[in-house]
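Coordinates from query34.txt are shown below (compact mmCIF, C-alpha atoms).
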# COMPACT_ATOMS: atom_id res chain seq x y z
CA MET A 18 109.97 -77.59 -10.82
CA ILE A 19 107.77 -80.32 -9.36
CA GLY A 20 110.57 -81.40 -7.02
CA GLU A 21 111.11 -77.85 -5.75
CA THR A 22 107.38 -77.35 -5.16
CA LEU A 23 107.17 -80.62 -3.28
CA SER A 24 110.17 -79.67 -1.11
CA ILE A 25 108.61 -76.31 -0.20
CA LEU A 26 105.21 -77.85 0.64
CA ASN A 27 106.79 -80.72 2.50
CA SER A 28 109.00 -78.40 4.58
CA TRP A 29 106.02 -76.13 5.28
CA ILE A 30 103.94 -79.06 6.57
CA LYS A 31 106.95 -80.51 8.42
CA GLU A 32 107.38 -77.29 10.42
CA PHE A 33 104.26 -78.15 12.36
CA GLY A 34 106.05 -81.25 13.62
CA MET A 35 102.77 -83.03 14.21
CA LEU A 36 102.53 -85.23 11.09
CA SER A 37 104.52 -88.20 10.02
CA GLU A 38 105.95 -88.61 6.54
CA GLY A 39 103.04 -90.84 5.44
CA TRP A 40 100.48 -88.25 6.53
CA ARG A 41 102.35 -85.50 4.76
CA ALA A 42 102.38 -87.57 1.53
CA GLY A 43 98.66 -88.27 1.89
CA ILE A 44 97.83 -84.58 2.39
CA LEU A 45 99.87 -83.54 -0.64
CA ILE A 46 98.30 -86.23 -2.85
CA PHE A 47 94.80 -85.24 -1.65
CA MET A 48 95.49 -81.59 -2.41
CA LEU A 49 96.69 -82.46 -5.94
CA VAL A 50 93.70 -84.70 -6.68
CA PHE A 51 91.30 -82.07 -5.30
CA ALA A 52 92.96 -79.37 -7.39
CA THR A 53 92.80 -81.63 -10.44
CA ALA A 54 89.08 -82.29 -9.95
CA THR A 55 88.44 -78.55 -9.52
CA ALA A 56 90.44 -77.69 -12.65
CA ALA A 57 88.65 -80.38 -14.67
CA PHE A 58 85.24 -79.12 -13.51
CA ILE A 59 86.09 -75.51 -14.35
CA ALA A 60 87.48 -76.50 -17.79
CA SER A 61 84.35 -78.50 -18.58
CA ARG A 62 82.10 -75.59 -17.61
CA VAL A 63 84.15 -73.10 -19.58
CA ILE A 64 84.10 -75.21 -22.75
CA ALA A 65 80.33 -75.80 -22.32
CA ALA A 66 79.78 -72.06 -22.02
CA LEU A 67 81.86 -71.47 -25.17
CA GLU A 68 79.81 -74.10 -27.00
CA ASN A 69 76.58 -72.33 -26.08
CA LYS A 70 78.03 -69.00 -27.18
CA PHE A 71 79.38 -70.21 -30.53
CA SER A 72 76.25 -72.26 -31.30
CA ALA A 73 74.53 -68.98 -32.15
CA THR A 74 77.04 -68.24 -34.93
CA ARG A 75 76.82 -69.53 -38.49
CA ASN A 76 80.23 -71.16 -38.32
CA LEU A 77 79.70 -74.86 -37.61
CA TRP A 78 83.33 -75.86 -37.27
CA ASP A 79 84.01 -73.98 -34.02
CA ASP A 80 81.13 -75.93 -32.46
CA ALA A 81 82.59 -79.17 -33.78
CA ILE A 82 86.08 -78.40 -32.45
CA LEU A 83 84.80 -77.41 -28.99
CA HIS A 84 82.51 -80.44 -28.75
CA ALA A 85 85.29 -82.77 -29.87
CA ALA A 86 87.82 -81.25 -27.44
CA ARG A 87 85.63 -81.04 -24.33
CA LYS A 88 86.03 -84.55 -22.93
CA PRO A 89 89.67 -85.00 -24.08
CA VAL A 90 90.62 -81.74 -22.34
CA VAL A 91 89.04 -82.94 -19.10
CA ALA A 92 90.81 -86.29 -19.52
CA PHE A 93 94.14 -84.51 -20.09
CA ILE A 94 93.73 -82.48 -16.90
CA TRP A 95 93.04 -85.65 -14.95
CA LEU A 96 95.99 -87.35 -16.61
CA GLN A 97 98.31 -84.52 -15.64
CA GLY A 98 96.93 -84.37 -12.11
CA VAL A 99 97.30 -88.10 -11.58
CA TYR A 100 100.85 -87.89 -12.91
CA TRP A 101 101.72 -85.18 -10.36
CA ALA A 102 100.11 -87.22 -7.59
CA ALA A 103 102.14 -90.24 -8.66
CA GLU A 104 105.29 -88.09 -8.63
CA VAL A 105 104.52 -87.07 -5.04
CA ALA A 106 104.11 -90.71 -4.12
CA HIS A 107 107.37 -91.49 -5.88
CA HIS A 108 109.12 -88.73 -3.90
CA PHE A 109 108.13 -90.38 -0.63
CA SER A 110 108.49 -93.96 -1.88
CA ASP A 111 111.04 -95.84 -3.95
CA ALA A 112 108.52 -98.37 -5.31
CA GLU A 113 109.31 -99.67 -8.80
CA VAL A 114 105.80 -98.99 -10.05
CA PHE A 115 106.29 -95.20 -9.85
CA LYS A 116 109.33 -95.28 -12.15
CA ALA A 117 107.04 -95.66 -15.17
CA ASN A 118 105.25 -92.36 -14.51
CA GLY A 119 106.93 -90.52 -17.38
CA THR A 120 106.26 -93.27 -19.91
CA LEU A 121 102.63 -93.60 -18.84
CA LEU A 122 102.19 -89.83 -19.13
CA GLN A 123 103.50 -89.87 -22.71
CA ILE A 124 101.28 -92.81 -23.70
CA GLY A 125 98.32 -91.14 -21.99
CA PHE A 126 98.96 -87.93 -23.88
CA VAL A 127 98.99 -89.87 -27.18
CA TRP A 128 95.72 -91.54 -26.20
CA VAL A 129 94.05 -88.22 -25.36
CA LEU A 130 95.23 -86.70 -28.64
CA VAL A 131 93.95 -89.69 -30.63
CA TRP A 132 90.61 -89.52 -28.81
CA ALA A 133 90.27 -85.84 -29.69
CA MET A 134 91.14 -86.48 -33.35
CA LEU A 135 88.62 -89.34 -33.65
CA ARG A 136 85.89 -87.18 -32.11
CA LEU A 137 86.73 -84.35 -34.50
CA VAL A 138 86.48 -86.72 -37.49
CA LYS A 139 83.09 -87.91 -36.25
CA GLU A 140 81.83 -84.34 -35.81
CA ALA A 141 83.03 -83.42 -39.31
CA GLU A 142 81.24 -86.47 -40.74
CA ASN A 143 77.97 -85.45 -39.05
CA ILE A 144 78.25 -81.90 -40.38
CA LEU A 145 79.10 -82.81 -43.97
CA THR A 146 76.22 -85.31 -44.30
CA SER A 147 73.52 -83.38 -42.43
CA PRO A 148 70.89 -81.67 -44.63
CA MET A 149 70.03 -79.47 -41.63
CA LYS A 150 73.57 -78.06 -41.40
CA MET A 151 74.68 -78.06 -45.05
CA ARG A 152 72.87 -76.62 -48.05
CA LYS A 153 74.30 -79.36 -50.24
CA PRO A 154 75.19 -82.29 -47.97
CA MET A 155 77.83 -84.68 -49.25
CA ASP A 156 77.13 -88.30 -50.04
CA TYR A 157 77.07 -90.30 -46.80
CA THR A 158 78.87 -93.29 -48.30
CA THR A 159 81.78 -91.18 -49.55
CA VAL A 160 82.13 -89.22 -46.30
CA ASN A 161 81.91 -92.44 -44.28
CA ALA A 162 84.69 -94.01 -46.34
CA ILE A 163 86.94 -90.97 -45.92
CA SER A 164 86.28 -90.88 -42.17
CA LYS A 165 87.15 -94.57 -41.85
CA LEU A 166 90.39 -93.96 -43.71
CA LEU A 167 91.27 -91.00 -41.46
CA ARG A 168 90.51 -93.04 -38.35
CA ALA A 169 92.77 -95.81 -39.59
CA VAL A 170 95.60 -93.34 -40.26
CA VAL A 171 95.24 -91.75 -36.80
CA ILE A 172 95.14 -95.11 -34.99
CA ILE A 173 98.11 -96.56 -36.89
CA THR A 174 100.17 -93.42 -36.27
CA ALA A 175 99.25 -93.52 -32.57
CA VAL A 176 100.23 -97.19 -32.26
CA LEU A 177 103.62 -96.58 -33.90
CA THR A 178 104.21 -93.55 -31.66
CA ALA A 179 103.30 -95.56 -28.56
CA LEU A 180 105.66 -98.36 -29.60
CA GLN A 181 108.46 -95.84 -30.10
CA THR A 182 107.71 -94.42 -26.64
CA LEU A 183 107.92 -97.87 -25.09
CA GLY A 184 111.36 -98.37 -26.61
CA PHE A 185 110.55 -100.47 -29.66
CA SER A 186 112.25 -99.67 -32.95
CA ILE A 187 109.72 -98.53 -35.53
CA SER A 188 112.00 -99.59 -38.39
CA GLY A 189 112.13 -103.09 -36.95
CA VAL A 190 108.36 -103.15 -36.55
CA LEU A 191 107.87 -101.99 -40.14
CA ALA A 192 110.33 -104.61 -41.42
CA PHE A 193 108.55 -107.31 -39.47
CA GLY A 194 105.24 -106.05 -40.81
CA GLY A 195 106.56 -106.26 -44.39
CA VAL A 196 107.62 -109.88 -44.01
CA GLY A 197 104.52 -110.79 -42.03
CA GLY A 198 102.31 -109.02 -44.53
CA ILE A 199 103.32 -111.47 -47.25
CA ALA A 200 102.37 -114.43 -45.09
CA VAL A 201 99.13 -112.79 -44.02
CA GLY A 202 98.33 -111.93 -47.64
CA PHE A 203 98.46 -115.60 -48.67
CA ALA A 204 96.58 -116.77 -45.59
CA ALA A 205 93.86 -114.13 -45.76
CA LYS A 206 93.46 -113.51 -49.48
CA ASP A 207 89.64 -113.61 -49.20
CA LEU A 208 89.74 -111.01 -46.45
CA LEU A 209 91.97 -108.78 -48.57
CA ALA A 210 89.71 -109.33 -51.58
CA ASN A 211 86.75 -108.11 -49.53
CA PHE A 212 88.77 -105.13 -48.31
CA PHE A 213 89.70 -104.04 -51.84
CA GLY A 214 86.14 -104.79 -52.96
CA GLY A 215 84.90 -102.33 -50.35
CA PHE A 216 87.50 -99.83 -51.55
CA ILE A 217 86.23 -100.19 -55.12
CA ILE A 218 82.64 -99.66 -53.94
CA HIS A 219 83.65 -96.43 -52.20
CA LEU A 220 85.65 -95.38 -55.25
CA ASP A 221 83.15 -96.19 -58.04
CA ARG A 222 80.02 -95.66 -55.93
CA PRO A 223 77.64 -97.97 -57.84
CA PHE A 224 75.33 -97.63 -54.84
CA LYS A 225 75.19 -95.88 -51.49
CA VAL A 226 73.50 -96.36 -48.15
CA GLY A 227 69.72 -96.19 -48.62
CA ASP A 228 69.72 -97.30 -52.27
CA TRP A 229 67.56 -100.15 -53.55
CA VAL A 230 69.86 -102.59 -55.37
CA ARG A 231 69.48 -105.97 -57.00
CA SER A 232 71.66 -108.32 -59.01
CA PRO A 233 70.46 -110.36 -61.98
CA ASP A 234 73.41 -112.71 -61.41
CA ARG A 235 72.70 -113.48 -57.74
CA ASN A 236 69.65 -113.65 -55.52
CA ILE A 237 70.40 -110.20 -54.09
CA GLU A 238 67.73 -107.51 -53.74
CA GLY A 239 66.99 -105.02 -51.01
CA THR A 240 67.98 -101.70 -49.43
CA VAL A 241 71.62 -101.00 -48.57
CA GLU A 242 71.98 -100.39 -44.82
CA HIS A 243 75.74 -100.35 -44.32
CA ILE A 244 78.88 -100.55 -46.45
CA GLY A 245 81.79 -101.90 -44.42
CA TRP A 246 85.32 -102.79 -45.39
CA ARG A 247 84.49 -106.51 -45.43
CA LEU A 248 80.70 -106.84 -45.73
CA THR A 249 77.82 -104.88 -47.16
CA THR A 250 74.55 -105.20 -45.25
CA ILE A 251 71.39 -105.28 -47.37
CA ARG A 252 67.90 -105.35 -45.88
CA THR A 253 65.65 -107.50 -48.09
CA PHE A 254 62.03 -106.57 -48.67
CA ASP A 255 60.87 -109.21 -46.19
CA GLN A 256 63.00 -107.33 -43.60
CA ARG A 257 65.76 -109.94 -43.33
CA PRO A 258 69.40 -108.78 -43.21
CA LEU A 259 71.58 -110.02 -46.06
CA TYR A 260 75.35 -109.85 -45.58
CA VAL A 261 77.23 -109.80 -48.89
CA PRO A 262 81.07 -109.99 -49.02
CA ASN A 263 82.40 -106.96 -50.86
CA ALA A 264 84.46 -109.15 -53.19
CA ALA A 265 81.19 -110.37 -54.76
CA PHE A 266 80.43 -106.90 -56.17
CA THR A 267 83.61 -106.98 -58.29
CA THR A 268 82.38 -110.01 -60.27
CA ILE A 269 78.60 -109.53 -60.58
CA ALA A 270 76.33 -107.04 -62.30
CA VAL A 271 74.45 -104.75 -59.91
CA GLU A 272 71.29 -102.87 -60.84
CA ASN A 273 70.43 -99.72 -58.90
CA PRO A 274 66.72 -98.96 -59.40
CA SER A 275 66.98 -96.07 -56.91
CA ARG A 276 68.72 -94.03 -59.60
CA MET A 277 65.99 -94.45 -62.21
CA PHE A 278 64.53 -91.25 -63.67
CA ASN A 279 61.00 -92.59 -64.22
CA ARG A 280 58.86 -95.69 -63.84
CA ARG A 281 57.34 -97.33 -66.89
CA ILE A 282 53.76 -98.33 -67.63
CA SER A 283 53.72 -101.02 -70.32
CA GLU A 284 50.38 -102.74 -70.92
CA THR A 285 48.60 -104.57 -73.75
CA ILE A 286 44.84 -104.06 -73.67
CA GLY A 287 42.48 -106.04 -75.93
CA ILE A 288 39.01 -105.14 -77.17
CA ARG A 289 36.48 -107.34 -78.99
CA TYR A 290 36.69 -107.98 -82.73
CA ALA A 291 33.14 -106.62 -82.93
CA ASP A 292 34.49 -103.21 -81.85
CA ILE A 293 37.06 -102.82 -84.62
CA SER A 294 35.15 -99.83 -86.03
CA SER A 295 35.84 -97.93 -82.78
CA MET A 296 39.53 -98.81 -82.64
CA LYS A 297 40.81 -95.54 -84.14
CA GLN A 298 38.77 -93.33 -81.80
CA ILE A 299 39.71 -95.39 -78.73
CA VAL A 300 43.42 -95.20 -79.52
CA ASP A 301 43.28 -91.44 -80.12
CA ASP A 302 41.34 -90.80 -76.89
CA VAL A 303 43.72 -92.91 -74.82
CA ARG A 304 46.70 -91.08 -76.31
CA ASP A 305 45.12 -87.68 -75.56
CA MET A 306 44.28 -88.77 -72.02
CA LEU A 307 47.92 -89.69 -71.35
CA LYS A 308 49.20 -86.44 -72.89
CA ASN A 309 46.95 -84.46 -70.56
CA HIS A 310 47.67 -86.55 -67.47
CA GLU A 311 49.61 -84.49 -64.93
CA GLU A 312 51.63 -87.50 -63.67
CA ILE A 313 52.85 -88.65 -67.10
CA ASP A 314 56.28 -87.46 -68.24
CA LEU A 315 55.86 -86.21 -71.81
CA ASP A 316 59.63 -85.89 -72.26
CA ARG A 317 59.82 -89.69 -72.37
CA THR A 318 58.52 -92.11 -74.99
CA LEU A 319 54.72 -92.28 -75.22
CA ILE A 320 53.19 -94.93 -77.47
CA VAL A 321 49.50 -95.78 -77.89
CA ASN A 322 48.84 -97.85 -81.05
CA PHE A 323 46.81 -100.72 -82.43
CA LEU A 324 49.33 -103.49 -81.94
CA ALA A 325 48.08 -106.81 -83.34
CA TYR A 326 45.19 -109.13 -84.12
CA GLY A 327 45.20 -111.41 -81.11
CA PRO A 328 43.63 -114.89 -80.83
CA SER A 329 40.48 -113.46 -79.29
CA SER A 330 41.03 -109.70 -79.12
CA LEU A 331 42.29 -106.61 -80.92
CA ASP A 332 45.39 -105.59 -78.93
CA ILE A 333 46.27 -101.99 -78.07
CA MET A 334 49.80 -101.16 -76.90
CA VAL A 335 50.09 -98.58 -74.07
CA TYR A 336 53.68 -97.53 -73.31
CA THR A 337 54.52 -94.47 -71.20
CA PHE A 338 56.48 -93.24 -68.16
CA THR A 339 55.41 -91.64 -64.90
CA LYS A 340 57.14 -88.66 -63.33
CA THR A 341 57.47 -90.31 -59.95
CA THR A 342 59.88 -93.11 -59.08
CA GLN A 343 58.24 -93.98 -55.76
CA TRP A 344 56.90 -97.51 -55.78
CA VAL A 345 53.60 -96.85 -53.97
CA ARG A 346 52.84 -93.62 -55.83
CA PHE A 347 53.61 -95.31 -59.16
CA HIS A 348 50.96 -97.95 -58.59
CA GLU A 349 48.41 -95.31 -57.66
CA ILE A 350 49.08 -93.53 -60.97
CA LYS A 351 49.00 -96.79 -62.92
CA GLU A 352 45.63 -97.65 -61.37
CA ASP A 353 44.24 -94.27 -62.37
CA VAL A 354 45.50 -94.67 -65.96
CA LEU A 355 44.02 -98.14 -66.37
CA LEU A 356 40.63 -97.08 -64.99
CA LYS A 357 40.52 -94.10 -67.36
CA ILE A 358 41.34 -96.39 -70.31
CA SER A 359 38.44 -98.61 -69.27
CA GLU A 360 36.12 -95.58 -69.18
CA ILE A 361 37.24 -94.52 -72.66
CA ILE A 362 36.53 -98.00 -74.07
CA GLU A 363 33.07 -98.06 -72.49
CA SER A 364 32.30 -94.53 -73.74
CA HIS A 365 32.59 -95.82 -77.32
CA GLY A 366 30.25 -98.73 -76.68
CA ALA A 367 33.11 -101.19 -76.82
CA GLU A 368 34.20 -103.79 -74.28
CA ILE A 369 37.44 -105.30 -73.12
CA ALA A 370 37.76 -108.77 -74.62
CA PHE A 371 38.34 -112.00 -72.76
CA PRO A 372 39.50 -115.39 -74.15
CA THR A 373 36.76 -117.02 -76.29
CA ARG A 374 36.43 -119.91 -78.78
CA THR A 375 34.07 -120.58 -81.72
CA LEU A 376 32.99 -124.12 -82.62
CA HIS A 377 31.63 -124.89 -86.14
CA LEU A 378 29.53 -128.09 -86.62
CA PRO A 379 28.67 -129.87 -89.91
CA GLU A 380 25.20 -129.41 -91.35
CA GLY A 381 22.61 -131.83 -90.14
CA VAL A 382 24.25 -132.41 -86.80
CA LYS A 383 22.00 -131.66 -83.88
CA VAL A 384 23.28 -130.83 -80.43
CA SER A 385 21.09 -131.57 -77.44
CA GLY A 386 21.58 -130.10 -73.99
CA ASP A 387 19.94 -130.48 -70.66
CA ASN A 388 17.43 -127.66 -71.15
CA HIS A 389 17.43 -126.95 -74.90
CA GLU A 390 18.06 -128.41 -78.33
CA GLN A 391 19.95 -126.54 -81.03
CA SER A 392 20.42 -127.33 -84.72
CA ALA A 393 23.75 -127.03 -86.54
CA SER A 394 22.41 -124.29 -88.78
CA GLU A 395 22.02 -121.95 -85.79
CA PRO A 396 24.99 -119.99 -84.44
CA ALA A 397 26.84 -122.23 -82.02
CA GLY A 398 27.56 -120.79 -78.60
CA LYS A 399 26.64 -117.18 -79.35
CA ASP A 400 26.97 -114.93 -76.27
CA GLY A 401 25.15 -111.96 -77.79
CA ARG A 402 28.35 -110.07 -78.65
CA GLY A 403 29.45 -111.82 -81.79
CA GLN A 404 31.72 -114.16 -79.80
CA ASP A 405 31.21 -117.67 -78.52
CA SER A 406 31.28 -118.74 -74.92
CA GLY A 407 34.03 -121.19 -74.08
CA THR A 408 31.74 -123.08 -71.67
CA GLN A 409 28.93 -123.54 -74.23
CA ALA A 410 31.45 -124.64 -76.85
CA GLU A 411 32.77 -127.31 -74.55
CA LYS A 412 29.23 -128.62 -73.92
CA GLN A 413 28.63 -128.79 -77.68
CA ASN A 414 31.94 -130.58 -78.13
CA ASP A 415 31.00 -133.19 -75.53
CA SER A 416 27.58 -133.72 -77.11
CA SER A 417 29.07 -134.17 -80.60
CA ARG A 418 31.30 -136.91 -79.26
So, in terms of structure tokens, how does the structure I just supplied come out?
Amino acid sequence: MIGETLSILNSWIKEFGMLSEGWRAGILIFMLVFATATAAFIASRVIAALENKFSATRNLWDDAILHAARKPVVAFIWLQGVYWAAEVAHHFSDAEVFKANGTLLQIGFVWVLVWAMLRLVKEAENILTSPMKMRKPMDYTTVNAISKLLRAVVIITAVLTALQTLGFSISGVLAFGGVGGIAVGFAAKDLLANFFGGFIIHLDRPFKVGDWVRSPDRNIEGTVEHIGWRLTTIRTFDQRPLYVPNAAFTTIAVENPSRMFNRRISETIGIRYADISSMKQIVDDVRDMLKNHEEIDLDRTLIVNFLAYGPSSLDIMVYTFTKTTQWVRFHEIKEDVLLKISEIIESHGAEIAFPTRTLHLPEGVKVSGDNHEQSASEPAGKDGRGQDSGTQAEKQNDSSR
């Protein structure tokens, strides 16, 4: 058909008898290129208009298909137009370079098809993970893994098709790949270990992009930025990138704090021994305060009890969980809880204890200081609260020596 069209156009131009064969070839090639550019422009405008029209509908996949096909369609029109122009040149010339027109057209068609498929996979990935487009968006890590697998399948299929088009035997290529794969497997076992480690991560999903992870076995802690087939990129809290081979995650324990349900407040608060009579009321008031606190999760364990007789304090155990898991918000709630506990202790006339020490001296021993003199029969180092000051006790100790 192309040959007949060329013969008609060529004979029509030749009738004028004013142009040489080279000029006739140039005019025909120019006409084909101009027609190709016009067709490509019209196709691009038509697809853009269809995109605007279908963007108003609820169906998201027609938009994705049109957006993915727009540039490949334009590229296909140019590919076909350039092929026809090359055929015209081949009709007027016997150059060896034009004999590969058919093969190049087939390879170009495979390339355009692969390009369209890769763009469609990318559009589908954006739709499935977008909270603006989906009511229940899918997990980004899972969708990203599936899209990578689909891209690999498309590219491998395209390469094998292109090799078959160029005259290579696919069976021979596959046989060579089987033998070479054994050698590559021994030479690149670490690379394969990382590849299968990435596959296990995508399969088990112990973490996903955006999760805060840490390992008690390794010095690994930060936010997951990217999960590749060889490396996982983690951004540490000092904003440094940490690149971890995927094979490491098959042999170490990984903690994912991002999936916690609550954050825990666990504190031991001590009051003075002189305030033991107020212990019961303080414990009850602290427990009631936590039960009425709007940020405390009452479905979790809540413990407020007199815990132990400490060396210099009566210890109260406070153990509860907040509703939030956000780090900054958690500390705001914890601050509020601790301040309210302090107010409760002060409301009962009690005080929070601090480390103290009492020193007993034998009778008859006098202790002299810089500004006073104290006999052994008087209380040593009293601070007015029934407890002895550590500083005064040390002075007395030095004097007794």
Residues within 10 Å of (49.2, -89.5, -71.0), file coords, only C-alpha atoms, listed as a compact mmCIF listing (two decimals) with C-alpha atoms, keeping the file's coordinate frame:
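Saved result, point-v9.txt, follows:
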# COMPACT_ATOMS: atom_id res chain seq x y z
CA ASP A 302 41.34 -90.80 -76.89
CA VAL A 303 43.72 -92.91 -74.82
CA ARG A 304 46.70 -91.08 -76.31
CA ASP A 305 45.12 -87.68 -75.56
CA MET A 306 44.28 -88.77 -72.02
CA LEU A 307 47.92 -89.69 -71.35
CA LYS A 308 49.20 -86.44 -72.89
CA ASN A 309 46.95 -84.46 -70.56
CA HIS A 310 47.67 -86.55 -67.47
CA GLU A 311 49.61 -84.49 -64.93
CA GLU A 312 51.63 -87.50 -63.67
CA ILE A 313 52.85 -88.65 -67.10
CA ASP A 314 56.28 -87.46 -68.24
CA LEU A 315 55.86 -86.21 -71.81
CA LEU A 319 54.72 -92.28 -75.22
CA ILE A 320 53.19 -94.93 -77.47
CA VAL A 321 49.50 -95.78 -77.89
CA VAL A 335 50.09 -98.58 -74.07
CA TYR A 336 53.68 -97.53 -73.31
CA THR A 337 54.52 -94.47 -71.20
CA PHE A 338 56.48 -93.24 -68.16
CA THR A 339 55.41 -91.64 -64.90
CA VAL A 354 45.50 -94.67 -65.96
What does the distance between CA of Thr146 (chain A) and CA of Thr253 (chain A) come to in Å, to one decimal place?
->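 Straight-line distance from CA of Thr146 (chain A) to CA of Thr253 (chain A) works out to 24.9 Å.
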Distance criterion (only C-alpha atoms): nearest to Thr375 (chain A) out of A:Thr53, A:Val241, A:Ser329, A:Ile218 =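 Residue with the minimum atom-to-atom distance to Thr375 (chain A): A:Ser329.
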Nearest-residue call for Thr120 (chain A), choices A:Thr341, A:Ser385, A:Gln181, A:Ser61, using all atoms listed in the file =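 Between A:Thr341, A:Ser385, A:Gln181, A:Ser61, the residue approaching Thr120 (chain A) most closely is A:Gln181.
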Mind giving me the straight-line distance from CA of Leu180 (chain A) to CA of Ser164 (chain A) in Å, one decimal?
->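 The value is 24.3 Å.
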For each of A:Ile358, A:Val171, A:Ile251, A:Val127, take the minimum atom-to-atom distance to Ile288 (chain A), counting only C-alpha atoms, then give the residue where this is smallest.
-> A:Ile358
Pick from A:Trp229, A:Phe224, A:Tyr326, A:Phe212 nearest to Leu248 (chain A), counting only C-alpha atoms =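 For Leu248 (chain A), the nearest of the given residues is A:Phe212.
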Let me have the centre and edge lengths in Å, one decimal, of the box along x, y and z around every listed atom of region 157-173 of chain A with 4 Å of margin on each side, as JSON.
{"center_x": 87.6, "center_y": -92.9, "center_z": -42.3, "size_x": 29.0, "size_y": 15.3, "size_z": 22.6}
Of the candidates A:Leu137, A:Ala210, A:Ile82, A:Ile46, which one gets nearest to Val99 (chain A) if we count all atoms listed in the file?
->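 Looking at the shortest contact to Val99 (chain A), the residue is A:Ile46.
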Please indicate the distance in Å from CA of Lys340 (chain A) to CA of Arg281 (chain A), rounded to one decimal place.
-> 9.4 Å
Select, from A:Val384, A:Ile44, A:Ile282, A:Leu376, the residue with the minimum atom-to-atom distance to His348 (chain A), counting only C-alpha atoms.
->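 The shortest atom-to-atom distance to His348 (chain A) comes from A:Ile282.
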Neighbouring residues of Ser275 (chain A) were defined as those with any atom within 9 Å, considering all atoms listed in the file; residues of the same chain fewer than 3 positions away were excluded. Please report them as a PDB file with C-alpha atoms, in the frame of the given file.
ATOM      1  CA  PHE A 224      75.330 -97.630 -54.840  1.00  0.00           C
ATOM      2  CA  GLY A 227      69.720 -96.190 -48.620  1.00  0.00           C
ATOM      3  CA  ASP A 228      69.720 -97.300 -52.270  1.00  0.00           C
ATOM      4  CA  TRP A 229      67.560-100.150 -53.550  1.00  0.00           C
ATOM      5  CA  VAL A 230      69.860-102.590 -55.370  1.00  0.00           C
ATOM      6  CA  GLU A 272      71.290-102.870 -60.840  1.00  0.00           C
ATOM      7  CA  PHE A 278      64.530 -91.250 -63.670  1.00  0.00           C
ATOM      8  CA  THR A 342      59.880 -93.110 -59.080  1.00  0.00           C
TER       9      THR A 342
END
Point (82.3, -80.3, -21.0) neighbourhood (6 Å, all atoms listed in the file) written as a ChimeraX atom specification | /A:61-62,64-65,87-88
